[in-house]
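Data file: work02.pdb. Format and content: PDB, C-alpha atoms.
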ATOM      1  CA  MET A  18      96.295  -9.534   2.155
ATOM      2  CA  SER A  19      93.508 -10.043   4.664
ATOM      3  CA  SER A  20      92.995 -13.254   6.561
ATOM      4  CA  PRO A  21      90.303 -15.687   5.348
ATOM      5  CA  PHE A  22      89.386 -16.024   9.017
ATOM      6  CA  SER A  23      88.862 -12.305   9.702
ATOM      7  CA  THR A  24      85.127 -12.496   9.138
ATOM      8  CA  VAL A  25      83.266 -14.659  11.625
ATOM      9  CA  ILE A  26      81.089 -17.059   9.658
ATOM     10  CA  GLU A  27      77.919 -17.466  11.738
ATOM     11  CA  SER A  28      79.778 -17.747  15.053
ATOM     12  CA  ALA A  29      83.124 -18.788  16.436
ATOM     13  CA  GLN A  30      83.508 -21.965  18.453
ATOM     14  CA  THR A  31      81.711 -21.410  21.758
ATOM     15  CA  ASP A  32      81.605 -24.905  23.263
ATOM     16  CA  ALA A  33      82.002 -24.464  27.029
ATOM     17  CA  SER A  34      83.995 -27.692  27.225
ATOM     18  CA  LEU A  35      86.840 -26.293  25.097
ATOM     19  CA  THR A  36      90.171 -26.458  26.938
ATOM     20  CA  LEU A  37      93.751 -25.715  25.976
ATOM     21  CA  ASN A  38      94.862 -29.082  27.279
ATOM     22  CA  HIS A  39      98.541 -29.736  26.636
ATOM     23  CA  THR A  40     101.765 -28.739  24.953
ATOM     24  CA  CYS A  41     103.901 -31.370  23.223
ATOM     25  CA  ILE A  42     107.684 -31.251  22.910
ATOM     26  CA  ARG A  43     110.030 -33.981  21.701
ATOM     27  CA  VAL A  44     112.753 -35.214  24.037
ATOM     28  CA  LYS A  45     115.932 -37.156  23.349
ATOM     29  CA  ASP A  46     115.926 -39.407  26.433
ATOM     30  CA  PRO A  47     112.904 -39.854  28.722
ATOM     31  CA  LYS A  48     115.129 -41.431  31.385
ATOM     32  CA  VAL A  49     116.686 -37.983  31.723
ATOM     33  CA  SER A  50     113.748 -35.696  30.891
ATOM     34  CA  VAL A  51     110.997 -37.340  32.967
ATOM     35  CA  PRO A  52     113.046 -37.202  36.218
ATOM     36  CA  PHE A  53     113.907 -33.567  35.469
ATOM     37  CA  TYR A  54     110.248 -32.591  35.294
ATOM     38  CA  THR A  55     109.127 -34.776  38.205
ATOM     39  CA  GLU A  56     112.051 -34.569  40.641
ATOM     40  CA  LYS A  57     113.447 -31.123  39.914
ATOM     41  CA  LEU A  58     110.309 -29.235  38.893
ATOM     42  CA  GLY A  59     107.820 -31.230  40.974
ATOM     43  CA  MET A  60     105.433 -32.358  38.253
ATOM     44  CA  THR A  61     103.425 -35.586  38.455
ATOM     45  CA  LEU A  62     103.645 -38.253  35.750
ATOM     46  CA  LEU A  63      99.981 -38.809  34.904
ATOM     47  CA  GLY A  64     100.570 -41.606  32.450
ATOM     48  CA  GLN A  65     102.664 -43.127  29.689
ATOM     49  CA  LYS A  66     101.499 -44.457  26.334
ATOM     50  CA  ASP A  67     103.727 -46.624  24.125
ATOM     51  CA  PHE A  68     103.227 -47.171  20.390
ATOM     52  CA  PRO A  69     105.454 -50.144  19.412
ATOM     53  CA  ASP A  70     104.275 -50.166  15.788
ATOM     54  CA  MET A  71     105.316 -46.539  15.298
ATOM     55  CA  LYS A  72     108.218 -46.734  17.776
ATOM     56  CA  PHE A  73     107.451 -43.787  20.009
ATOM     57  CA  SER A  74     106.210 -43.134  23.546
ATOM     58  CA  LEU A  75     104.238 -40.311  25.134
ATOM     59  CA  TYR A  76     104.598 -39.090  28.715
ATOM     60  CA  PHE A  77     101.950 -36.788  30.216
ATOM     61  CA  LEU A  78     102.809 -34.603  33.212
ATOM     62  CA  ALA A  79     101.127 -31.893  35.276
ATOM     63  CA  PHE A  80     101.735 -30.054  38.513
ATOM     64  CA  PRO A  81      99.992 -31.698  41.497
ATOM     65  CA  ARG A  82      96.554 -30.382  42.355
ATOM     66  CA  PRO A  83      93.858 -31.650  44.718
ATOM     67  CA  ASP A  84      91.145 -31.582  42.088
ATOM     68  CA  PHE A  85      92.525 -33.676  39.224
ATOM     69  CA  PRO A  86      89.400 -34.673  37.262
ATOM     70  CA  LYS A  87      88.809 -38.436  37.463
ATOM     71  CA  ASN A  88      86.528 -40.873  35.694
ATOM     72  CA  SER A  89      84.257 -43.473  37.309
ATOM     73  CA  GLU A  90      87.224 -45.830  37.664
ATOM     74  CA  GLY A  91      89.237 -43.248  39.589
ATOM     75  CA  LYS A  92      91.692 -42.602  36.743
ATOM     76  CA  VAL A  93      92.811 -39.042  36.014
ATOM     77  CA  GLU A  94      91.157 -37.663  32.898
ATOM     78  CA  VAL A  95      94.350 -36.327  31.361
ATOM     79  CA  PHE A  96      92.661 -34.662  28.387
ATOM     80  CA  SER A  97      89.920 -32.842  30.268
ATOM     81  CA  MET A  98      92.053 -30.247  32.059
ATOM     82  CA  PRO A  99      94.553 -27.475  31.260
ATOM     83  CA  GLY A 100      98.196 -27.367  32.334
ATOM     84  CA  VAL A 101      99.445 -30.675  30.888
ATOM     85  CA  LEU A 102     102.869 -31.224  29.308
ATOM     86  CA  GLU A 103     103.374 -34.043  26.805
ATOM     87  CA  LEU A 104     106.879 -35.369  26.195
ATOM     88  CA  THR A 105     107.282 -37.356  22.980
ATOM     89  CA  HIS A 106     110.155 -39.825  22.652
ATOM     90  CA  ASN A 107     111.001 -41.361  19.298
ATOM     91  CA  TRP A 108     112.732 -44.619  20.130
ATOM     92  CA  GLY A 109     116.471 -44.715  19.513
ATOM     93  CA  THR A 110     117.269 -41.019  19.799
ATOM     94  CA  GLU A 111     118.724 -41.595  23.274
ATOM     95  CA  SER A 112     121.419 -43.810  21.721
ATOM     96  CA  ASP A 113     122.394 -41.386  18.956
ATOM     97  CA  PRO A 114     125.254 -39.110  20.068
ATOM     98  CA  GLU A 115     124.589 -36.807  17.107
ATOM     99  CA  PHE A 116     120.894 -36.293  17.868
ATOM    100  CA  SER A 117     119.552 -33.133  19.459
ATOM    101  CA  VAL A 118     116.190 -31.387  19.345
ATOM    102  CA  SER A 119     115.560 -27.879  18.050
ATOM    103  CA  ASN A 120     114.537 -25.736  21.030
ATOM    104  CA  GLY A 121     112.867 -23.105  18.831
ATOM    105  CA  ASN A 122     115.053 -20.235  20.037
ATOM    106  CA  THR A 123     118.148 -20.643  17.879
ATOM    107  CA  GLU A 124     118.508 -19.196  14.384
ATOM    108  CA  PRO A 125     117.634 -20.174  11.738
ATOM    109  CA  HIS A 126     114.999 -22.333  13.419
ATOM    110  CA  ARG A 127     113.185 -19.920  15.701
ATOM    111  CA  GLY A 128     109.464 -20.369  16.258
ATOM    112  CA  TYR A 129     108.380 -22.037  19.483
ATOM    113  CA  GLY A 130     109.552 -20.018  22.455
ATOM    114  CA  HIS A 131     108.818 -21.652  25.798
ATOM    115  CA  VAL A 132     106.369 -22.885  28.353
ATOM    116  CA  CYS A 133     105.942 -20.735  31.448
ATOM    117  CA  LEU A 134     105.676 -21.847  35.070
ATOM    118  CA  THR A 135     104.142 -19.478  37.594
ATOM    119  CA  THR A 136     104.459 -19.586  41.353
ATOM    120  CA  LYS A 137     103.348 -17.680  44.464
ATOM    121  CA  ASP A 138     106.926 -17.032  45.598
ATOM    122  CA  ILE A 139     109.354 -16.743  42.725
ATOM    123  CA  ASP A 140     112.378 -16.068  44.949
ATOM    124  CA  ALA A 141     111.787 -19.238  46.956
ATOM    125  CA  CYS A 142     111.009 -21.197  43.818
ATOM    126  CA  CYS A 143     114.250 -20.153  42.103
ATOM    127  CA  ALA A 144     116.184 -20.965  45.282
ATOM    128  CA  VAL A 145     114.737 -24.498  45.173
ATOM    129  CA  PHE A 146     115.780 -24.838  41.535
ATOM    130  CA  GLU A 147     119.284 -23.624  42.438
ATOM    131  CA  SER A 148     119.525 -26.230  45.194
ATOM    132  CA  LYS A 149     118.594 -28.928  42.675
ATOM    133  CA  ASP A 150     121.251 -27.805  40.177
ATOM    134  CA  VAL A 151     118.737 -26.679  37.574
ATOM    135  CA  THR A 152     120.461 -24.809  34.741
ATOM    136  CA  PHE A 153     119.439 -21.150  34.431
ATOM    137  CA  LYS A 154     119.298 -19.300  31.128
ATOM    138  CA  LYS A 155     118.461 -16.096  33.036
ATOM    139  CA  ARG A 156     118.408 -15.567  36.788
ATOM    140  CA  LEU A 157     116.178 -12.971  38.436
ATOM    141  CA  VAL A 158     119.109 -10.596  38.887
ATOM    142  CA  ASP A 159     120.087 -10.755  35.207
ATOM    143  CA  GLY A 160     118.922  -8.253  32.612
ATOM    144  CA  ARG A 161     116.266  -5.564  32.901
ATOM    145  CA  GLN A 162     113.343  -7.727  33.964
ATOM    146  CA  LYS A 163     113.984  -8.640  37.593
ATOM    147  CA  ASP A 164     110.675 -10.435  38.079
ATOM    148  CA  ILE A 165     111.181 -13.327  35.652
ATOM    149  CA  ALA A 166     113.735 -16.097  35.234
ATOM    150  CA  PHE A 167     114.397 -18.698  32.560
ATOM    151  CA  ILE A 168     115.621 -22.230  33.200
ATOM    152  CA  LEU A 169     116.622 -24.947  30.733
ATOM    153  CA  ASP A 170     115.469 -28.542  30.569
ATOM    154  CA  PRO A 171     117.846 -31.389  29.547
ATOM    155  CA  ASP A 172     117.157 -30.799  25.840
ATOM    156  CA  GLY A 173     117.759 -27.059  26.059
ATOM    157  CA  TYR A 174     114.103 -26.004  25.916
ATOM    158  CA  TRP A 175     113.491 -22.662  27.627
ATOM    159  CA  ILE A 176     111.112 -22.567  30.603
ATOM    160  CA  GLU A 177     110.014 -19.168  31.873
ATOM    161  CA  VAL A 178     109.422 -18.739  35.615
ATOM    162  CA  CYS A 179     107.129 -15.923  36.821
ATOM    163  CA  GLY A 180     105.475 -15.019  40.098
ATOM    164  CA  TYR A 181     101.884 -14.060  40.791
ATOM    165  CA  LYS A 182     100.399 -12.073  43.655
ATOM    166  CA  TYR A 183      98.867 -13.760  46.683
ATOM    167  CA  ASP A 184      97.361 -12.530  49.923
ATOM    168  CA  GLN A 185      99.494 -14.539  52.299
ATOM    169  CA  LEU A 186     101.898 -17.438  52.425
ATOM    170  CA  ASP A 187     100.398 -20.833  53.026
ATOM    171  CA  ALA A 188     101.501 -24.451  53.119
ATOM    172  CA  ASN A 189     101.500 -24.525  49.327
ATOM    173  CA  THR A 190     103.868 -21.597  48.792
ATOM    174  CA  HIS A 191     105.679 -23.217  45.867
ATOM    175  CA  ASP A 192     102.391 -23.789  44.104
ATOM    176  CA  LEU A 193     103.467 -24.091  40.469
ATOM    177  CA  ARG A 194     101.190 -23.902  37.463
ATOM    178  CA  LEU A 195     101.867 -24.520  33.786
ATOM    179  CA  ASN A 196     100.620 -21.086  32.854
ATOM    180  CA  HIS A 197     101.222 -20.586  29.151
ATOM    181  CA  THR A 198     102.927 -21.663  25.952
ATOM    182  CA  MET A 199     104.632 -19.066  23.780
ATOM    183  CA  LEU A 200     104.755 -19.170  19.976
ATOM    184  CA  ARG A 201     106.189 -16.538  17.654
ATOM    185  CA  ILE A 202     103.861 -15.452  14.862
ATOM    186  CA  LYS A 203     104.591 -13.626  11.616
ATOM    187  CA  ASP A 204     101.392 -11.600  11.292
ATOM    188  CA  PRO A 205      98.833 -11.022  14.077
ATOM    189  CA  ALA A 206      96.295  -9.849  11.486
ATOM    190  CA  LYS A 207      96.209 -13.453  10.280
ATOM    191  CA  SER A 208      96.950 -15.419  13.442
ATOM    192  CA  LEU A 209      94.531 -13.712  15.813
ATOM    193  CA  PRO A 210      91.447 -14.257  13.610
ATOM    194  CA  PHE A 211      92.411 -17.916  13.260
ATOM    195  CA  TYR A 212      92.648 -18.525  17.007
ATOM    196  CA  GLU A 213      89.607 -16.384  17.811
ATOM    197  CA  ASN A 214      87.204 -17.209  14.982
ATOM    198  CA  VAL A 215      88.210 -20.746  14.014
ATOM    199  CA  LEU A 216      89.251 -22.152  17.403
ATOM    200  CA  GLY A 217      87.102 -19.910  19.611
ATOM    201  CA  MET A 218      89.795 -18.493  21.900
ATOM    202  CA  ARG A 219      89.702 -14.912  23.160
ATOM    203  CA  VAL A 220      92.433 -12.333  23.748
ATOM    204  CA  LEU A 221      92.757 -11.681  27.472
ATOM    205  CA  GLU A 222      95.582  -9.175  27.210
ATOM    206  CA  LYS A 223      97.626  -7.295  24.623
ATOM    207  CA  SER A 224     101.019  -6.010  25.722
ATOM    208  CA  VAL A 225     102.916  -3.587  23.457
ATOM    209  CA  HIS A 226     106.679  -3.195  23.977
ATOM    210  CA  GLU A 227     107.879  -0.231  21.934
ATOM    211  CA  ASN A 228     111.503  -0.421  23.122
ATOM    212  CA  GLY A 229     111.840  -4.032  22.033
ATOM    213  CA  LYS A 230     109.529  -3.591  19.034
ATOM    214  CA  PHE A 231     107.306  -6.552  19.803
ATOM    215  CA  THR A 232     103.754  -7.210  20.961
ATOM    216  CA  LEU A 233     102.443 -10.042  23.125
ATOM    217  CA  TYR A 234      98.924 -11.439  22.904
ATOM    218  CA  PHE A 235      97.624 -13.731  25.648
ATOM    219  CA  LEU A 236      94.689 -15.923  24.648
ATOM    220  CA  ALA A 237      92.527 -18.418  26.519
ATOM    221  CA  TYR A 238      89.176 -20.164  26.510
ATOM    222  CA  GLY A 239      86.685 -18.184  28.547
ATOM    223  CA  ALA A 240      87.249 -15.271  30.871
ATOM    224  CA  LEU A 241      89.265 -15.292  34.071
ATOM    225  CA  LYS A 242      87.260 -16.304  37.124
ATOM    226  CA  ALA A 243      86.606 -13.842  39.943
ATOM    227  CA  GLY A 244      89.838 -13.205  41.820
ATOM    228  CA  GLU A 245      91.879 -15.091  39.230
ATOM    229  CA  GLN A 246      94.935 -13.490  37.684
ATOM    230  CA  LYS A 247      96.410 -14.145  34.271
ATOM    231  CA  ARG A 248      99.547 -15.575  35.864
ATOM    232  CA  SER A 249      97.731 -17.699  38.447
ATOM    233  CA  THR A 250      95.799 -19.775  35.948
ATOM    234  CA  GLN A 251      96.690 -22.504  33.443
ATOM    235  CA  GLY A 252      95.983 -23.118  29.777
ATOM    236  CA  LEU A 253      96.989 -19.809  28.166
ATOM    237  CA  LEU A 254      98.580 -19.248  24.781
ATOM    238  CA  GLU A 255     101.046 -16.404  24.271
ATOM    239  CA  LEU A 256     101.561 -15.227  20.685
ATOM    240  CA  THR A 257     104.639 -13.044  20.187
ATOM    241  CA  HIS A 258     104.856 -10.696  17.210
ATOM    242  CA  ASN A 259     108.203  -9.117  16.396
ATOM    243  CA  TRP A 260     107.369  -6.007  14.403
ATOM    244  CA  GLY A 261     108.115  -6.060  10.700
ATOM    245  CA  THR A 262     107.973  -9.792  10.043
ATOM    246  CA  GLU A 263     104.527  -9.378   8.498
ATOM    247  CA  SER A 264     106.007  -7.178   5.757
ATOM    248  CA  ASP A 265     108.684  -9.651   4.672
ATOM    249  CA  PRO A 266     107.287 -12.037   2.026
ATOM    250  CA  ASP A 267     110.198 -14.436   2.498
ATOM    251  CA  PHE A 268     109.983 -14.618   6.287
ATOM    252  CA  ALA A 269     108.698 -17.755   8.031
ATOM    253  CA  TYR A 270     109.039 -19.253  11.497
ATOM    254  CA  HIS A 271     110.124 -22.858  12.055
ATOM    255  CA  ASN A 272     107.115 -24.939  13.121
ATOM    256  CA  GLY A 273     109.036 -27.558  15.108
ATOM    257  CA  ASN A 274     107.756 -30.466  13.022
ATOM    258  CA  ASP A 275     109.926 -29.887   9.988
ATOM    259  CA  ALA A 276     113.567 -30.908  10.384
ATOM    260  CA  PRO A 277     115.199 -30.261  12.779
ATOM    261  CA  GLN A 278     112.299 -31.310  14.986
ATOM    262  CA  GLY A 279     111.559 -30.180  18.525
ATOM    263  CA  TYR A 280     108.254 -28.542  19.443
ATOM    264  CA  GLY A 281     105.255 -30.612  18.397
ATOM    265  CA  HIS A 282     101.922 -28.914  19.034
ATOM    266  CA  VAL A 283      99.410 -27.521  21.455
ATOM    267  CA  CYS A 284      96.263 -29.565  21.994
ATOM    268  CA  ILE A 285      92.691 -28.437  22.530
ATOM    269  CA  SER A 286      90.083 -30.811  23.916
ATOM    270  CA  LEU A 287      86.294 -30.738  24.053
ATOM    271  CA  ASP A 288      83.311 -33.045  24.407
ATOM    272  CA  ASP A 289      82.660 -33.498  20.685
ATOM    273  CA  PRO A 290      85.740 -32.810  18.526
ATOM    274  CA  GLU A 291      84.202 -34.478  15.480
ATOM    275  CA  ALA A 292      81.356 -31.954  15.442
ATOM    276  CA  MET A 293      83.806 -29.082  15.855
ATOM    277  CA  CYS A 294      85.982 -30.308  12.970
ATOM    278  CA  LYS A 295      82.961 -30.714  10.700
ATOM    279  CA  GLU A 296      81.802 -27.205  11.578
ATOM    280  CA  ILE A 297      85.219 -25.702  10.849
ATOM    281  CA  GLU A 298      85.415 -27.554   7.540
ATOM    282  CA  ALA A 299      81.924 -26.440   6.537
ATOM    283  CA  LYS A 300      82.636 -22.791   7.365
ATOM    284  CA  TYR A 301      86.144 -22.367   6.016
ATOM    285  CA  GLY A 302      86.596 -25.155   3.466
ATOM    286  CA  ASP A 303      89.943 -25.196   1.678
ATOM    287  CA  ASP A 304      91.293 -22.292   3.758
ATOM    288  CA  ILE A 305      91.925 -24.822   6.543
ATOM    289  CA  LYS A 306      94.969 -27.075   6.450
ATOM    290  CA  TRP A 307      94.368 -30.476   8.099
ATOM    291  CA  ALA A 308      97.136 -32.970   8.867
ATOM    292  CA  PRO A 309      95.157 -35.251   9.189
ATOM    293  CA  LYS A 310      91.412 -34.614   9.266
ATOM    294  CA  TYR A 311      89.386 -36.035  12.132
ATOM    295  CA  ASN A 312      89.624 -39.836  12.413
ATOM    296  CA  GLN A 313      91.623 -40.202   9.175
ATOM    297  CA  GLY A 314      95.142 -40.741  10.528
ATOM    298  CA  LYS A 315      96.801 -43.782  12.081
ATOM    299  CA  MET A 316      95.600 -42.627  15.504
ATOM    300  CA  LYS A 317      91.799 -42.466  15.486
ATOM    301  CA  GLY A 318      89.452 -40.083  17.260
ATOM    302  CA  LEU A 319      91.513 -36.936  16.775
ATOM    303  CA  ALA A 320      92.599 -34.369  14.207
ATOM    304  CA  PHE A 321      95.425 -31.924  13.585
ATOM    305  CA  ILE A 322      94.868 -28.468  12.140
ATOM    306  CA  ARG A 323      97.525 -25.951  11.008
ATOM    307  CA  ASP A 324      97.532 -22.266  11.927
ATOM    308  CA  PRO A 325      98.740 -19.464   9.583
ATOM    309  CA  ASP A 326     102.367 -20.066  10.659
ATOM    310  CA  ASN A 327     102.028 -23.801  10.027
ATOM    311  CA  TYR A 328     102.098 -24.709  13.735
ATOM    312  CA  SER A 329     100.069 -27.833  14.542
ATOM    313  CA  ILE A 330      97.064 -27.872  16.859
ATOM    314  CA  GLU A 331      95.712 -31.230  17.967
ATOM    315  CA  ILE A 332      91.965 -31.610  18.589
ATOM    316  CA  VAL A 333      90.882 -34.485  20.877
ATOM    317  CA  PRO A 334      87.911 -35.602  22.994
ATOM    318  CA  ARG A 335      88.065 -34.725  26.667
ATOM    319  CA  ALA A 336      87.097 -38.313  27.499
ATOM    320  CA  LEU A 337      90.098 -39.795  25.664
ATOM    321  CA  GLN A 338      91.958 -42.316  27.831
ATOM    322  CA  LEU A 339      95.633 -43.202  27.789
TER
END
I need this file expressed as structure tokens, please.
Amino acid sequence: MSSPFSTVIESAQTDASLTLNHTCIRVKDPKVSVPFYTEKLGMTLLGQKDFPDMKFSLYFLAFPRPDFPKNSEGKVEVFSMPGVLELTHNWGTESDPEFSVSNGNTEPHRGYGHVCLTTKDIDACCAVFESKDVTFKKRLVDGRQKDIAFILDPDGYWIEVCGYKYDQLDANTHDLRLNHTMLRIKDPAKSLPFYENVLGMRVLEKSVHENGKFTLYFLAYGALKAGEQKRSTQGLLELTHNWGTESDPDFAYHNGNDAPQGYGHVCISLDDPEAMCKEIEAKYGDDIKWAPKYNQGKMKGLAFIRDPDNYSIEIVPRALQL
């Protein structure tokens, strides 16, 4: 069956302000997870937002950069840039010895795969992680792929580590970027039209792996800038298709929001999300699953939309403040 999004109705989203802003994962204990990301990985805590009525807190992190966008008051505009990680803590989980998140990589709850960090010098970067007692799922010397590693955060989420080419070493050798987020998809013939035609992303690269029987699709907003490499940028989405899943009517990936919970969503931001949501609704009608529609949930000024695999995508204004 073809995708309802295969045919572009008028035009796909082309707003130049569109950004793949952040990835949200749930954590058991922020007193453990936040120091892991700041002290061991070197990220900066951009801000924290507490919601006492709903009993949860959000922590927003990013790798340091000299050009963090700031508003007129000098505050970082967290939602106007790519490469942000959101940690969600539901109060009380840290005190429950039986609680654990689903990392998305364990059967029967596979779906979300990982976020990926990229660096100019992967050998030096991994050596730093070793010195800080970071747990490795895969070291560079393990397996066939000698140019990537995987580390684990305190909740068991996988974090890929890759290198990118550079002309020469400089003072910022361990320059890390939050490069991409990986999600497994059942059927690219349905998922790709959704991300391209409904959300306005574009496929930068398709990588076919016949030996492993899978295909990778890397998507982003806009083209790479002159001299920019896929691995040296931020705000990419990697969709992984394991061949054959599209032919199994009973097959479905775990979306991270059904029990057991773990992965939450990716978030796109733009200047006028309300206009975008109205346009999507007008073009695609009941083919779109909202949860909730723009400005109709407990948290105002945003919306959540579901992709063909039932993963959530948040849509927010770039000017949103913590």
Please report as a Markdown table every residue of range 67-142 of chain A lying within 10 Å of range 200-204 of chain A, along with the nearest atom pair and their distance in Å (one decimal), using all atoms listed in the file.
| residue | atom | partner | partner_atom | distance |
| --- | --- | --- | --- | --- |
| A:Gly121 | CA | A:Leu200 | CA | 9.1 |
| A:Asn122 | CA | A:Arg201 | CA | 9.9 |
| A:Arg127 | CA | A:Arg201 | CA | 8.0 |
| A:Gly128 | CA | A:Arg201 | CA | 5.2 |
| A:Tyr129 | CA | A:Leu200 | CA | 4.6 |
| A:Gly130 | CA | A:Leu200 | CA | 5.5 |
| A:His131 | CA | A:Leu200 | CA | 7.5 |
| A:Val132 | CA | A:Leu200 | CA | 9.3 |
Ranking A:Leu241, A:Ile42, A:Ala292, A:Ile165 by minimum distance to Leu104 in chain A and counting only C-alpha atoms, which one comes first?
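Closest residue, counting only C-alpha atoms: A:Ile42.
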I need every residue sitting at most 12 Å from the point (100.4, -37.5, 29.4) (coordinates as in the file, all atoms listed in the file considered), written as number ranges by chain.
A: 38-42, 51, 60-67, 74-80, 93-105, 284, 337-339
Please list as an MDAnalysis selection string every residue within 9 Å of Leu256 in chain A, counting all atoms listed in the file and excluding residues in the same chain fewer than 4 positions away.
chainID A and resid 198:202 205 208:209 232:236
With all atoms listed in the file as the atoms that count, which of A:Arg219, A:His226, A:Lys295, A:Lys154 lies nearest to Asn259 in chain A?
A:His226
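With CA of Val49 in chain A on one side and CA of Ala276 in chain A on the other, the separation reads 22.7 Å.
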Written as an mmCIF file with C-alpha atoms, in the coordinates of the input, which residues does the PyMOL selection byres ((chain A and resi 313-322) around 8) give for the file shown?
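The result, written out as out19.cif:
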data_model
loop_
_atom_site.group_PDB
_atom_site.id
_atom_site.type_symbol
_atom_site.label_atom_id
_atom_site.label_comp_id
_atom_site.auth_asym_id
_atom_site.auth_seq_id
_atom_site.Cartn_x
_atom_site.Cartn_y
_atom_site.Cartn_z
ATOM 1 C CA PRO A 290 85.740 -32.810 18.526
ATOM 2 C CA GLU A 291 84.202 -34.478 15.480
ATOM 3 C CA CYS A 294 85.982 -30.308 12.970
ATOM 4 C CA ILE A 305 91.925 -24.822 6.543
ATOM 5 C CA LYS A 306 94.969 -27.075 6.450
ATOM 6 C CA TRP A 307 94.368 -30.476 8.099
ATOM 7 C CA ALA A 308 97.136 -32.970 8.867
ATOM 8 C CA PRO A 309 95.157 -35.251 9.189
ATOM 9 C CA LYS A 310 91.412 -34.614 9.266
ATOM 10 C CA TYR A 311 89.386 -36.035 12.132
ATOM 11 C CA ASN A 312 89.624 -39.836 12.413
ATOM 12 C CA ARG A 323 97.525 -25.951 11.008
ATOM 13 C CA ASP A 324 97.532 -22.266 11.927
ATOM 14 C CA SER A 329 100.069 -27.833 14.542
ATOM 15 C CA ILE A 330 97.064 -27.872 16.859
ATOM 16 C CA GLU A 331 95.712 -31.230 17.967
ATOM 17 C CA ILE A 332 91.965 -31.610 18.589
ATOM 18 C CA VAL A 333 90.882 -34.485 20.877
ATOM 19 C CA PRO A 334 87.911 -35.602 22.994
#
Could you work out how far CA of Tyr181 in chain A lies from CA of Ala166 in chain A, giving the answer in Å with one decimal?
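We find that CA of Ala166 in chain A and CA of Tyr181 in chain A lie 13.2 Å from each other.
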For CA of Ser286 in chain A and CA of Pro210 in chain A, quote the distance in Å rounded to one decimal.
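Taking CA of Ser286 in chain A as the start and CA of Pro210 in chain A as the end point, the length is 19.5 Å.
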Judged by all atoms listed in the file, the minimum distance to Asp70 in chain A among A:Asn107, A:Asp267, A:Gly302, A:Ile168 is found for A:Asn107
Report the residues retrieved by the PyMOL selection byres ((chain A and resi 245-247) around 10) from the displayed file, expressed as a list in words.
Thr135, Tyr181, Lys182, Tyr183, Asn196, His197, Leu221, Glu222, Phe235, Leu236, Ala237, Ala240, Leu241, Lys242, Ala243, Gly244, Arg248, Ser249, Thr250, Gln251 and Leu253 of chain A
